[in-house]
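Colleague: Sharing final02.txt below, compact mmCIF, C-alpha atoms and all ligand atoms:
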# COMPACT_ATOMS: atom_id res chain seq x y z
CA MET A 1 0.00 0.00 0.00
CA GLY A 2 1.42 3.38 -0.92
CA ILE A 3 2.13 5.75 -3.77
CA THR A 4 4.20 5.41 -6.90
CA ALA A 5 5.59 8.76 -7.98
CA THR A 6 6.77 9.22 -11.55
CA TYR A 7 9.44 11.84 -12.13
CA LEU A 8 11.57 13.19 -14.92
CA PHE A 9 15.15 13.52 -13.65
CA PRO A 10 17.90 15.30 -15.62
CA THR A 11 19.60 12.55 -17.56
CA HIS A 12 22.64 10.94 -15.91
CA PRO A 13 24.81 7.93 -16.82
CA GLU A 14 24.40 6.61 -13.27
CA GLN A 15 20.73 7.38 -12.89
CA GLU A 16 19.93 4.12 -11.08
CA LYS A 17 22.36 5.10 -8.34
CA ILE A 18 21.00 8.65 -8.12
CA ALA A 19 17.40 7.42 -8.03
CA GLU A 20 18.32 5.03 -5.23
CA GLN A 21 19.92 7.88 -3.27
CA HIS A 22 16.77 9.97 -3.63
CA ALA A 23 14.50 7.06 -2.72
CA LEU A 24 16.55 6.67 0.42
CA GLY A 25 16.92 10.39 1.11
CA LEU A 26 13.18 11.06 0.78
CA THR A 27 12.31 8.29 3.20
CA ILE A 28 14.68 6.85 5.78
CA GLY A 29 18.00 8.28 4.67
CA SER A 30 20.15 10.81 6.43
CA TRP A 31 23.40 12.48 5.46
CA THR A 32 24.98 10.79 8.45
CA ASP A 33 25.21 7.03 8.87
CA ILE A 34 22.36 5.51 10.83
CA PRO A 35 23.31 2.59 13.07
CA HIS A 36 22.64 -0.83 11.55
CA LEU A 37 19.87 -1.78 14.02
CA GLU A 38 17.90 1.36 13.30
CA GLN A 39 18.34 0.78 9.57
CA GLN A 40 16.67 -2.63 9.97
CA GLN A 41 13.73 -1.04 11.80
CA LEU A 42 13.39 1.56 9.10
CA LYS A 43 13.35 -0.93 6.25
CA GLN A 44 9.54 -0.99 5.91
CA HIS A 45 9.66 2.78 5.35
CA LYS A 46 12.25 2.84 2.61
CA GLY A 47 11.36 4.24 -0.80
CA GLU A 48 11.85 1.73 -3.59
CA VAL A 49 13.04 2.52 -7.08
CA ILE A 50 10.59 0.76 -9.38
CA SER A 51 12.10 1.68 -12.74
CA VAL A 52 14.51 3.98 -14.54
CA GLU A 53 13.86 4.67 -18.23
CA LYS A 54 16.62 6.51 -20.01
CA GLY A 55 15.48 9.33 -22.30
CA GLU A 56 16.66 12.36 -24.27
CA GLY A 57 17.76 14.96 -21.72
CA LYS A 58 15.47 13.49 -19.05
CA ASP A 59 15.16 10.03 -17.55
CA LYS A 60 11.82 8.73 -16.30
CA VAL A 61 12.13 7.43 -12.74
CA LYS A 62 9.43 5.71 -10.70
CA ILE A 63 9.73 5.47 -6.93
CA PHE A 64 7.33 3.69 -4.60
CA TYR A 65 6.66 5.21 -1.16
CA PRO A 66 5.06 2.96 1.45
CA SER A 67 2.01 4.47 3.14
CA ALA A 68 3.60 3.78 6.53
CA ASN A 69 5.53 7.00 5.80
CA PHE A 70 2.72 9.52 5.57
CA SER A 71 -0.84 10.29 6.62
CA ALA A 72 -3.46 10.10 3.89
CA ASP A 73 -3.55 13.79 2.97
CA LEU A 74 -1.97 15.76 0.16
CA PRO A 75 0.22 18.02 2.35
CA ALA A 76 1.92 14.93 3.81
CA ILE A 77 2.05 13.18 0.44
CA PHE A 78 3.54 16.18 -1.37
CA THR A 79 6.15 16.68 1.33
CA THR A 80 7.10 13.02 1.16
CA VAL A 81 7.35 12.57 -2.58
CA TYR A 82 8.58 16.01 -3.62
CA GLY A 83 9.47 18.04 -0.53
CA LYS A 84 13.25 18.01 -0.61
CA LEU A 85 13.42 16.97 -4.25
CA SER A 86 11.72 20.21 -5.27
CA PHE A 87 14.95 22.09 -4.48
CA PHE A 88 16.90 20.12 -7.10
CA GLU A 89 16.95 21.84 -10.46
CA GLY A 90 15.22 20.09 -13.33
CA TYR A 91 13.39 17.43 -11.31
CA GLU A 92 9.75 17.18 -12.41
CA LEU A 93 6.96 15.31 -10.67
CA ILE A 94 4.74 14.12 -13.49
CA ASP A 95 2.37 11.61 -11.91
CA LEU A 96 1.20 9.99 -8.70
CA ASP A 97 -0.42 6.56 -8.63
CA PHE A 98 -2.27 5.83 -5.42
CA SER A 99 -2.98 2.37 -4.08
CA GLU A 100 -6.70 1.60 -3.91
CA GLN A 101 -6.80 2.13 -0.16
CA LEU A 102 -5.28 5.60 -0.48
CA LEU A 103 -7.44 6.55 -3.43
CA LYS A 104 -10.50 5.96 -1.23
CA GLN A 105 -9.39 8.83 1.01
CA PHE A 106 -10.20 11.30 -1.76
CA PRO A 107 -13.78 12.46 -2.36
CA GLY A 108 -13.69 13.29 -6.09
CA PRO A 109 -16.25 15.76 -7.49
CA ARG A 110 -19.58 15.94 -5.65
CA PHE A 111 -21.46 16.54 -8.91
CA GLY A 112 -19.01 16.20 -11.79
CA THR A 113 -19.99 16.59 -15.44
CA LYS A 114 -23.08 14.41 -15.01
CA GLY A 115 -24.39 16.17 -11.92
CA ILE A 116 -23.81 19.64 -13.36
CA ARG A 117 -25.61 18.71 -16.57
CA GLU A 118 -28.51 17.33 -14.54
CA GLN A 119 -28.74 20.53 -12.52
CA LEU A 120 -28.84 22.59 -15.70
CA ASN A 121 -30.91 20.06 -17.62
CA VAL A 122 -28.56 20.37 -20.60
CA MET A 123 -27.40 16.97 -21.82
CA ASP A 124 -26.67 17.31 -25.48
CA ARG A 125 -24.17 20.11 -26.10
CA PRO A 126 -21.11 21.79 -24.58
CA LEU A 127 -22.05 24.26 -21.86
CA LEU A 128 -21.49 27.99 -22.19
CA LYS A 129 -20.00 29.82 -19.27
CA ALA A 130 -19.47 33.57 -19.01
CA ILE A 131 -17.13 35.58 -16.80
CA PHE A 132 -18.22 38.85 -15.22
CA LYS A 133 -15.84 41.52 -16.50
CA GLY A 134 -15.04 44.99 -15.28
CA VAL A 135 -17.02 44.63 -12.05
CA MET A 136 -14.16 45.91 -9.92
CA GLY A 137 -14.92 49.49 -8.89
CA ARG A 138 -18.57 49.15 -9.96
CA ASP A 139 -21.63 48.54 -7.84
CA LEU A 140 -24.36 45.93 -7.78
CA SER A 141 -26.44 47.67 -10.43
CA PHE A 142 -23.60 47.13 -12.92
CA PHE A 143 -23.24 43.52 -11.77
CA SER A 144 -27.00 42.96 -12.16
CA ALA A 145 -27.10 44.55 -15.59
CA GLN A 146 -24.26 42.30 -16.81
CA LEU A 147 -26.02 39.24 -15.45
CA GLU A 148 -29.36 40.14 -17.07
CA GLU A 149 -27.64 40.56 -20.44
CA LEU A 150 -25.76 37.29 -20.17
CA LEU A 151 -28.91 35.40 -19.25
CA ALA A 152 -30.71 36.94 -22.21
CA GLY A 153 -27.85 35.73 -24.43
CA GLY A 154 -28.29 32.11 -23.34
CA ILE A 155 -25.42 31.27 -20.99
CA ASP A 156 -25.54 28.18 -18.74
CA LEU A 157 -23.08 29.26 -16.08
CA ILE A 158 -21.35 32.42 -14.99
CA LYS A 159 -18.45 33.00 -12.67
CA ASP A 160 -16.95 35.98 -10.93
CA ASP A 161 -13.65 37.13 -12.28
CA GLU A 162 -11.08 35.33 -10.11
CA ILE A 163 -9.59 38.72 -9.24
CA LEU A 164 -12.82 40.04 -7.70
CA PHE A 165 -12.52 39.73 -3.93
CA GLU A 166 -14.44 41.03 -0.93
CA ASN A 167 -15.20 44.70 -1.52
CA GLU A 168 -17.69 47.34 -0.43
CA LEU A 169 -19.39 47.89 -3.78
CA THR A 170 -20.22 44.28 -4.56
CA PRO A 171 -19.94 42.40 -1.25
CA PHE A 172 -19.81 38.60 -1.37
CA TYR A 173 -23.19 37.92 0.26
CA LYS A 174 -24.91 40.68 -1.69
CA ARG A 175 -23.59 39.27 -4.96
CA ILE A 176 -25.15 35.96 -4.01
CA THR A 177 -28.59 37.27 -3.08
CA THR A 178 -28.70 39.68 -6.03
CA ALA A 179 -27.72 36.99 -8.51
CA LYS A 180 -30.15 34.50 -6.98
CA GLU A 181 -33.07 36.85 -7.44
CA ILE A 182 -32.20 37.48 -11.10
CA ILE A 183 -31.45 33.84 -11.86
CA ASP A 184 -34.68 32.65 -10.19
CA ARG A 185 -36.67 35.20 -12.18
CA HIS A 186 -34.97 34.00 -15.36
CA TYR A 187 -35.92 30.41 -14.49
CA ASP A 188 -39.56 31.33 -13.87
CA LYS A 189 -39.66 33.07 -17.24
CA THR A 190 -37.71 30.63 -19.38
CA GLY A 191 -37.42 27.34 -17.50
CA SER A 192 -33.63 27.52 -17.93
CA ARG A 193 -31.40 27.05 -14.94
CA VAL A 194 -28.11 28.95 -14.59
CA LEU A 195 -25.28 28.44 -12.13
CA TYR A 196 -23.39 31.41 -10.72
CA ALA A 197 -19.99 30.63 -9.18
CA VAL A 198 -19.28 33.32 -6.63
CA ASN A 199 -15.62 33.81 -5.76
CA LEU A 200 -15.03 32.27 -2.33
CA SER A 201 -12.12 34.31 -0.99
CA GLY A 202 -10.58 35.68 2.19
CA ARG A 203 -8.42 34.14 4.91
CA THR A 204 -8.27 30.35 4.98
CA HIS A 205 -9.90 30.13 8.41
CA GLN A 206 -12.94 32.07 7.13
CA LEU A 207 -13.64 29.94 4.08
CA HIS A 208 -15.95 27.31 5.55
CA GLU A 209 -18.11 29.73 7.47
CA LYS A 210 -18.40 31.95 4.38
CA ALA A 211 -19.20 29.04 2.08
CA GLU A 212 -21.80 27.61 4.46
CA ARG A 213 -23.48 30.99 4.74
CA ALA A 214 -23.32 31.33 0.95
CA ALA A 215 -25.17 28.03 0.61
CA GLU A 216 -27.80 29.17 3.15
CA LEU A 217 -28.33 32.35 1.16
CA GLY A 218 -28.99 30.37 -2.00
CA ALA A 219 -25.62 30.38 -3.77
CA ASN A 220 -25.64 27.60 -6.35
CA ALA A 221 -21.88 27.30 -7.11
CA LEU A 222 -18.50 28.46 -5.85
CA LEU A 223 -15.40 29.69 -7.62
CA PHE A 224 -12.21 28.84 -5.77
CA ASN A 225 -8.63 29.93 -6.48
CA VAL A 226 -7.42 26.53 -5.41
CA HIS A 227 -3.69 26.97 -5.97
CA ALA A 228 -3.54 30.14 -3.89
CA TYR A 229 -4.85 28.10 -0.93
CA GLY A 230 -3.64 24.59 -1.75
CA LEU A 231 -5.46 21.52 -3.01
CA ASP A 232 -6.21 20.35 0.52
CA ALA A 233 -8.28 23.49 1.12
CA LEU A 234 -10.46 22.53 -1.84
CA GLN A 235 -10.78 19.01 -0.50
CA THR A 236 -12.06 20.28 2.86
CA LEU A 237 -14.66 22.44 1.10
CA ARG A 238 -15.80 19.50 -0.99
CA GLU A 239 -16.07 17.32 2.11
CA ASN A 240 -18.13 19.84 4.09
CA HIS A 241 -21.71 18.63 3.70
CA ASN A 242 -23.10 21.93 4.97
CA ILE A 243 -21.77 23.51 1.78
CA GLY A 244 -22.67 20.93 -0.85
CA LEU A 245 -22.21 23.22 -3.87
CA PRO A 246 -20.51 22.64 -7.23
CA ILE A 247 -16.98 24.03 -7.18
CA VAL A 248 -15.19 25.68 -10.09
CA ALA A 249 -11.46 25.25 -9.43
CA HIS A 250 -9.54 28.14 -10.97
CA SER A 251 -5.94 27.39 -11.97
CA ALA A 252 -4.56 30.89 -11.27
CA LEU A 253 -1.03 30.61 -9.83
CA SER A 254 -0.56 27.03 -11.01
CA GLY A 255 1.88 28.39 -13.60
CA VAL A 256 4.57 28.75 -10.93
CA LEU A 257 3.99 25.22 -9.69
CA ALA A 258 3.54 23.51 -13.01
CA GLY A 259 4.50 25.79 -15.84
CA GLN A 260 8.21 26.03 -15.18
CA GLU A 261 10.79 24.87 -17.70
CA GLY A 262 12.09 21.51 -16.56
CA GLY A 263 10.79 21.53 -12.97
CA GLY A 264 7.70 21.45 -10.78
CA PHE A 265 4.52 19.46 -11.19
CA ALA A 266 3.04 18.36 -14.49
CA TYR A 267 -0.11 20.35 -15.29
CA SER A 268 -1.96 17.09 -15.90
CA LEU A 269 -1.23 16.06 -12.31
CA LEU A 270 -1.94 19.36 -10.55
CA VAL A 271 -4.75 20.88 -12.60
CA GLY A 272 -6.01 17.53 -13.91
CA LYS A 273 -5.80 14.43 -11.75
CA LEU A 274 -5.45 15.99 -8.29
CA THR A 275 -7.96 18.81 -8.83
CA ARG A 276 -10.46 16.08 -9.72
CA LEU A 277 -9.53 13.81 -6.81
CA VAL A 278 -9.97 16.58 -4.22
CA GLY A 279 -13.37 17.52 -5.61
CA GLY A 280 -13.28 20.14 -8.37
CA ASP A 281 -16.44 19.85 -10.47
CA LEU A 282 -14.97 22.13 -13.11
CA SER A 283 -11.27 22.76 -13.68
CA LEU A 284 -10.52 26.05 -15.39
CA PHE A 285 -7.13 26.37 -17.10
CA PRO A 286 -5.55 28.28 -20.00
CA SER A 287 -6.35 26.85 -23.42
CA PRO A 288 -3.61 26.43 -26.03
CA TYR A 289 -4.97 29.21 -28.27
CA GLY A 290 -5.84 32.30 -26.29
CA ASN A 291 -3.97 35.27 -24.79
CA VAL A 292 -2.81 33.30 -21.72
CA ALA A 293 -1.87 29.93 -23.13
CA ILE A 294 -0.26 26.66 -22.14
CA SER A 295 1.02 24.06 -24.59
CA ARG A 296 -1.52 21.99 -26.47
CA ALA A 297 0.07 18.83 -25.06
CA ASP A 298 -0.38 20.10 -21.49
CA ALA A 299 -3.98 21.23 -22.07
CA LEU A 300 -4.92 17.88 -23.65
CA ALA A 301 -3.20 15.97 -20.84
CA ILE A 302 -5.18 17.96 -18.23
CA ASN A 303 -8.39 17.11 -20.06
CA ALA A 304 -7.48 13.42 -20.26
CA ALA A 305 -6.88 13.32 -16.51
CA LEU A 306 -10.21 15.03 -15.80
CA VAL A 307 -12.27 12.52 -17.76
CA GLU A 308 -10.41 9.19 -17.69
CA GLU A 309 -12.34 6.32 -16.12
CA ASN A 310 -11.09 6.01 -12.54
CA GLY A 311 -14.19 5.43 -10.45
CA PHE A 312 -14.71 9.14 -9.65
CA GLU A 313 -17.15 11.52 -11.27
CA LYS A 314 -15.63 13.34 -14.24
CA THR A 315 -14.57 16.96 -13.92
CA PHE A 316 -15.49 19.44 -16.63
CA ALA A 317 -12.52 20.84 -18.54
CA VAL A 318 -12.85 24.62 -18.89
CA PRO A 319 -10.10 25.71 -21.31
CA SER A 320 -10.06 29.49 -21.00
CA ALA A 321 -8.50 32.89 -21.62
CA GLY A 322 -9.02 34.87 -24.79
CA ILE A 323 -11.71 32.48 -26.03
CA HIS A 324 -13.96 33.78 -28.84
CA PRO A 325 -16.62 32.07 -30.97
CA GLY A 326 -14.20 31.37 -33.83
CA MET A 327 -12.31 28.98 -31.53
CA VAL A 328 -15.29 26.76 -30.73
CA PRO A 329 -14.76 24.11 -33.46
CA GLN A 330 -11.12 23.78 -32.41
CA LEU A 331 -12.08 23.53 -28.74
CA LEU A 332 -14.50 20.72 -29.51
CA GLU A 333 -12.01 18.93 -31.70
CA ASP A 334 -9.38 19.05 -28.97
CA PHE A 335 -11.50 18.54 -25.84
CA GLY A 336 -14.57 16.69 -27.11
CA ASP A 337 -18.09 17.95 -26.66
CA ASN A 338 -18.42 17.26 -22.94
CA LEU A 339 -16.74 20.52 -22.03
CA VAL A 340 -17.46 24.05 -20.87
CA VAL A 341 -16.79 26.88 -23.32
CA ASN A 342 -15.79 29.83 -21.15
CA ALA A 343 -15.42 33.47 -22.12
CA GLY A 344 -15.29 36.97 -20.71
CA GLY A 345 -13.83 39.33 -23.30
CA GLY A 346 -15.14 37.11 -26.11
CA ILE A 347 -18.68 37.87 -24.94
CA PHE A 348 -18.36 41.44 -23.70
CA GLY A 349 -16.15 42.51 -26.61
CA HIS A 350 -18.73 41.52 -29.23
CA PRO A 351 -19.30 44.54 -31.49
CA ASP A 352 -23.04 44.47 -30.76
CA GLY A 353 -22.80 43.84 -27.02
CA PRO A 354 -22.92 40.92 -24.59
CA ILE A 355 -26.34 39.53 -25.50
CA GLN A 356 -25.16 39.06 -29.07
CA GLY A 357 -21.78 37.94 -27.70
CA ALA A 358 -23.36 35.05 -25.82
CA GLN A 359 -25.68 34.28 -28.73
CA ALA A 360 -22.69 34.08 -31.09
CA PHE A 361 -21.15 31.44 -28.82
CA ARG A 362 -24.38 29.47 -28.66
CA ALA A 363 -24.63 29.58 -32.46
CA ALA A 364 -20.99 28.44 -32.77
CA ILE A 365 -21.60 25.58 -30.32
CA ASP A 366 -24.81 24.47 -32.03
CA ALA A 367 -23.12 24.50 -35.45
CA SER A 368 -20.00 22.69 -34.23
CA ILE A 369 -21.85 19.76 -32.67
CA LYS A 370 -23.65 19.32 -35.99
CA ASN A 371 -20.36 19.54 -37.90
CA ILE A 372 -21.52 22.67 -39.67
CA SER A 373 -18.70 25.12 -40.41
CA LEU A 374 -18.85 28.51 -38.75
CA GLU A 375 -18.73 30.19 -42.16
CA GLU A 376 -21.93 28.33 -43.02
CA ALA A 377 -23.54 28.96 -39.63
CA ALA A 378 -22.70 32.68 -39.83
CA LYS A 379 -25.00 32.96 -42.86
CA THR A 380 -28.00 32.41 -40.58
CA SER A 381 -26.67 33.93 -37.36
CA LYS A 382 -25.97 37.64 -37.45
CA SER A 383 -24.32 37.57 -34.01
CA LEU A 384 -21.93 34.82 -35.09
CA GLN A 385 -21.21 36.57 -38.38
CA ARG A 386 -20.25 39.75 -36.49
CA ALA A 387 -18.06 37.80 -34.06
CA VAL A 388 -16.24 36.06 -36.88
CA GLU A 389 -15.71 39.40 -38.64
CA GLN A 390 -14.27 40.76 -35.40
CA TRP A 391 -11.98 37.88 -34.33
CA GLY A 392 -11.79 35.46 -37.25
CA LEU A 393 -11.63 31.68 -37.12
CA VAL A 394 -9.03 29.59 -35.34
CA ASP A 395 -7.37 26.45 -36.50
CA SER A 396 -4.50 25.80 -34.13
CA LYS A 397 -2.95 22.94 -36.09
C1 LIG A 401 -6.90 31.19 -17.48
C2 LIG A 401 -7.74 32.23 -16.81
C3 LIG A 401 -8.90 32.71 -17.64
C4 LIG A 401 -9.86 33.54 -16.84
O1 LIG A 401 -10.14 33.26 -15.70
C5 LIG A 401 -10.46 34.70 -17.44
O2 LIG A 401 -11.05 35.56 -16.61
C6 LIG A 401 -10.47 34.93 -18.79
O3 LIG A 401 -11.09 36.01 -19.29
P1 LIG A 401 -11.18 36.23 -20.87
O4 LIG A 401 -12.14 35.23 -21.42
O5 LIG A 401 -9.81 36.05 -21.43
O6 LIG A 401 -11.68 37.64 -21.02
Show the structure stored in the file as structure tokens.
Modeller:
Amino acid sequence: MGITATYLFPTHPEQEKIAEQHALGLTIGSWTDIPHLEQQQLKQHKGEVISVEKGEGKDKVKIFYPSANFSADLPAIFTTVYGKLSFFEGYELIDLDFSEQLLKQFPGPRFGTKGIREQLNVMDRPLLKAIFKGVMGRDLSFFSAQLEELLAGGIDLIKDDEILFENELTPFYKRITTAKEIIDRHYDKTGSRVLYAVNLSGRTHQLHEKAERAAELGANALLFNVHAYGLDALQTLRENHNIGLPIVAHSALSGVLAGQEGGGFAYSLLVGKLTRLVGGDLSLFPSPYGNVAISRADALAINAALVEENGFEKTFAVPSAGIHPGMVPQLLEDFGDNLVVNAGGGIFGHPDGPIQGAQAFRAAIDASIKNISLEEAAKTSKSLQRAVEQWGLVDSK
């Protein structure tokens, strides 16, 4: 029982020896000699090198860590498998495989793709999510007006900008009650449900009380800057049954943990596999095509980790940043159609305004799932035609 960590180590002719030193150093080893008797006692705790695969510039090394070494929580696991190793240049942690027993300690998403679709009653197309923009420095009337327009345009979800925190003009609880009123009215009128992910922020010790109160006030989703707080903070929110809301895990800050040349975590592990295991219902990360981008390989690997069959609910991939309607066919080709198309500027920057901005996305989504080109679809959708004129079409290959 334990964890197998997969790393990329800078290539070395004596990699087996180096891997063995690290396996020892990260578990029972010390820079001084430990007496023989103690070494015997420590044997059950020793890390074991499982394999060393030589590669170009990097060697793939797998080390097994017995669960006798750590408690079943990510802070202990991270410190064990990568704590000291993180100070060595060029050592990447690319995967963690948990024994069945350990895997059971993680909750996975409460709702996942299936549960979110059921809540929204949208089963047959990618979902459209909007991002409030420019709310900072504006009051609730601005916030309400944006929401009304987005609902009129046909969005399924909306989130706060991840950089909108507690503030006097649009306080957290007021955002919730204001949005609830508008969203409920929209439902009564149209029968369409919409989720609003309010940004759960503040000091770590306040989070649970705030989130519980949010749920009492009728919040129907949370946005959480998970990497600013740590994955374990997300796990505790997911496990709190007094909250019980879908959680959008925002990947802000993960670039310093995962995006570094030749070091850190793999995105697929941090923003993919682990975000899902600790309970993210949606994982929002930079797409390969927008203004804040990660590599296509990384983005696809995140998506694969969010949806692979592993006994947990699937997490929605939300490839984001600089997304406009002309990117929709590419998004679907790369991420499949069980995804969330997410846009802020691509809705609000539409030449005819946000209602048409959201409608252009819906037209692009509807065309793409039917394999109709956007050029063709634009002939019958004015909003899409205007969006394509503004931003063009994207083919990232
Ligand atoms: C990767 C972060 C994307 C994000 O959260 C955000 O707010 C994007 O906004 P737009 O769509 O680029 O305007």
Colleague: Residues at most 12 Å from segment 369-379 of chain A, counting only C-alpha atoms, excluding those fewer than 6 positions away in the same chain, as a ChimeraX atom specification?
Modeller: /A:124-127,325-333,336-339,359-363,385-389,392-395
Colleague: Which neighbours of Leu245 of chain A fall inside 7 Å, counting only C-alpha atoms, when residues of the same chain fewer than 3 positions from it are skipped, and could you give them as a tab-separated table (two decimals) with C-alpha atoms, in the frame of the given file?
Modeller:
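The new file out-v3.tsv reads:
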chain	number	residue	atom	x	y	z
A	220	ASN	CA	-25.64	27.60	-6.35
A	221	ALA	CA	-21.88	27.30	-7.11
A	222	LEU	CA	-18.50	28.46	-5.85
Colleague: Between atom CA of Glu166 of chain A and atom CA of Val341 of chain A, what is the distance in Å, rounded to a tenth?
Modeller: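 If I compute the distance from atom CA of Glu166 of chain A to atom CA of Val341 of chain A, I get 26.6 Å.
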Colleague: Select the residues contacting ligand LIG 401 (chain A) at a distance of at most 9 Å, based on all atoms listed in the file, then format the selection as a ChimeraX atom specification.
Modeller: /A:130-133,159-163,250-252,284-287,290-293,318-324,342-349
Colleague: Taking (-8.4, 23.9, -9.0) as a centre in this file's frame and 12 Å as the limit, can you find every polymer residue with an atom that close, using all atoms listed in the file, and give them as a PDB file with C-alpha atoms, in the coordinates of the input?
Modeller:
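Listing of point_14.pdb after writing:
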ATOM      1  CA  PRO A 109     -16.250  15.760  -7.490  1.00  0.00           C
ATOM      2  CA  GLU A 162     -11.080  35.330 -10.110  1.00  0.00           C
ATOM      3  CA  LEU A 222     -18.500  28.460  -5.850  1.00  0.00           C
ATOM      4  CA  LEU A 223     -15.400  29.690  -7.620  1.00  0.00           C
ATOM      5  CA  PHE A 224     -12.210  28.840  -5.770  1.00  0.00           C
ATOM      6  CA  ASN A 225      -8.630  29.930  -6.480  1.00  0.00           C
ATOM      7  CA  VAL A 226      -7.420  26.530  -5.410  1.00  0.00           C
ATOM      8  CA  HIS A 227      -3.690  26.970  -5.970  1.00  0.00           C
ATOM      9  CA  ALA A 228      -3.540  30.140  -3.890  1.00  0.00           C
ATOM     10  CA  TYR A 229      -4.850  28.100  -0.930  1.00  0.00           C
ATOM     11  CA  GLY A 230      -3.640  24.590  -1.750  1.00  0.00           C
ATOM     12  CA  LEU A 231      -5.460  21.520  -3.010  1.00  0.00           C
ATOM     13  CA  ASP A 232      -6.210  20.350   0.520  1.00  0.00           C
ATOM     14  CA  ALA A 233      -8.280  23.490   1.120  1.00  0.00           C
ATOM     15  CA  LEU A 234     -10.460  22.530  -1.840  1.00  0.00           C
ATOM     16  CA  GLN A 235     -10.780  19.010  -0.500  1.00  0.00           C
ATOM     17  CA  LEU A 237     -14.660  22.440   1.100  1.00  0.00           C
ATOM     18  CA  ARG A 238     -15.800  19.500  -0.990  1.00  0.00           C
ATOM     19  CA  ILE A 247     -16.980  24.030  -7.180  1.00  0.00           C
ATOM     20  CA  VAL A 248     -15.190  25.680 -10.090  1.00  0.00           C
ATOM     21  CA  ALA A 249     -11.460  25.250  -9.430  1.00  0.00           C
ATOM     22  CA  HIS A 250      -9.540  28.140 -10.970  1.00  0.00           C
ATOM     23  CA  SER A 251      -5.940  27.390 -11.970  1.00  0.00           C
ATOM     24  CA  ALA A 252      -4.560  30.890 -11.270  1.00  0.00           C
ATOM     25  CA  LEU A 253      -1.030  30.610  -9.830  1.00  0.00           C
ATOM     26  CA  SER A 254      -0.560  27.030 -11.010  1.00  0.00           C
ATOM     27  CA  TYR A 267      -0.110  20.350 -15.290  1.00  0.00           C
ATOM     28  CA  SER A 268      -1.960  17.090 -15.900  1.00  0.00           C
ATOM     29  CA  LEU A 269      -1.230  16.060 -12.310  1.00  0.00           C
ATOM     30  CA  LEU A 270      -1.940  19.360 -10.550  1.00  0.00           C
ATOM     31  CA  VAL A 271      -4.750  20.880 -12.600  1.00  0.00           C
ATOM     32  CA  GLY A 272      -6.010  17.530 -13.910  1.00  0.00           C
ATOM     33  CA  LYS A 273      -5.800  14.430 -11.750  1.00  0.00           C
ATOM     34  CA  LEU A 274      -5.450  15.990  -8.290  1.00  0.00           C
ATOM     35  CA  THR A 275      -7.960  18.810  -8.830  1.00  0.00           C
ATOM     36  CA  ARG A 276     -10.460  16.080  -9.720  1.00  0.00           C
ATOM     37  CA  LEU A 277      -9.530  13.810  -6.810  1.00  0.00           C
ATOM     38  CA  VAL A 278      -9.970  16.580  -4.220  1.00  0.00           C
ATOM     39  CA  GLY A 279     -13.370  17.520  -5.610  1.00  0.00           C
ATOM     40  CA  GLY A 280     -13.280  20.140  -8.370  1.00  0.00           C
ATOM     41  CA  ASP A 281     -16.440  19.850 -10.470  1.00  0.00           C
ATOM     42  CA  LEU A 282     -14.970  22.130 -13.110  1.00  0.00           C
ATOM     43  CA  SER A 283     -11.270  22.760 -13.680  1.00  0.00           C
ATOM     44  CA  LEU A 284     -10.520  26.050 -15.390  1.00  0.00           C
ATOM     45  CA  PHE A 285      -7.130  26.370 -17.100  1.00  0.00           C
ATOM     46  CA  ILE A 302      -5.180  17.960 -18.230  1.00  0.00           C
ATOM     47  CA  LEU A 306     -10.210  15.030 -15.800  1.00  0.00           C
ATOM     48  CA  THR A 315     -14.570  16.960 -13.920  1.00  0.00           C
ATOM     49  CA  PHE A 316     -15.490  19.440 -16.630  1.00  0.00           C
ATOM     50  CA  ALA A 317     -12.520  20.840 -18.540  1.00  0.00           C
ATOM     51  CA  VAL A 318     -12.850  24.620 -18.890  1.00  0.00           C
TER      52      VAL A 318
END
Colleague: Find the residues near Gln15 of chain A: any atom within 10 Å, counting only C-alpha atoms, skip ones fewer than 2 places away on the same chain, and give them as a list in words.
Modeller: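 Within the cut-off, the hits are Phe9, Pro10, Thr11, His12, Pro13, Lys17, Ile18, Ala19, Glu20, Gln21, Val52, Glu53, Lys54, Asp59, Lys60 and Val61 of chain A.
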Colleague: Using the atoms already present, construct N, CA, C and O atoms for segment 369-373 of chain A and hand them back as a PDB file, in the frame of the given file.
Modeller:
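Generated output (result38.pdb):
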ATOM      1  N   ILE A 369     -21.451  21.138 -33.013  1.00  0.00           N
ATOM      2  CA  ILE A 369     -21.850  19.760 -32.670  1.00  0.00           C
ATOM      3  C   ILE A 369     -22.564  19.084 -33.848  1.00  0.00           C
ATOM      4  O   ILE A 369     -22.656  17.871 -33.896  1.00  0.00           O
ATOM      5  N   LYS A 370     -23.011  19.909 -34.802  1.00  0.00           N
ATOM      6  CA  LYS A 370     -23.650  19.320 -35.990  1.00  0.00           C
ATOM      7  C   LYS A 370     -22.657  19.242 -37.150  1.00  0.00           C
ATOM      8  O   LYS A 370     -23.052  18.984 -38.291  1.00  0.00           O
ATOM      9  N   ASN A 371     -21.395  19.538 -36.856  1.00  0.00           N
ATOM     10  CA  ASN A 371     -20.360  19.540 -37.900  1.00  0.00           C
ATOM     11  C   ASN A 371     -20.621  20.533 -39.014  1.00  0.00           C
ATOM     12  O   ASN A 371     -20.265  20.303 -40.167  1.00  0.00           O
ATOM     13  N   ILE A 372     -21.287  21.603 -38.687  1.00  0.00           N
ATOM     14  CA  ILE A 372     -21.520  22.670 -39.670  1.00  0.00           C
ATOM     15  C   ILE A 372     -20.412  23.707 -39.471  1.00  0.00           C
ATOM     16  O   ILE A 372     -20.106  24.081 -38.325  1.00  0.00           O
ATOM     17  N   SER A 373     -19.800  24.153 -40.553  1.00  0.00           N
ATOM     18  CA  SER A 373     -18.700  25.120 -40.410  1.00  0.00           C
ATOM     19  C   SER A 373     -19.252  26.458 -39.901  1.00  0.00           C
ATOM     20  O   SER A 373     -20.427  26.787 -40.116  1.00  0.00           O
TER      21      SER A 373
END
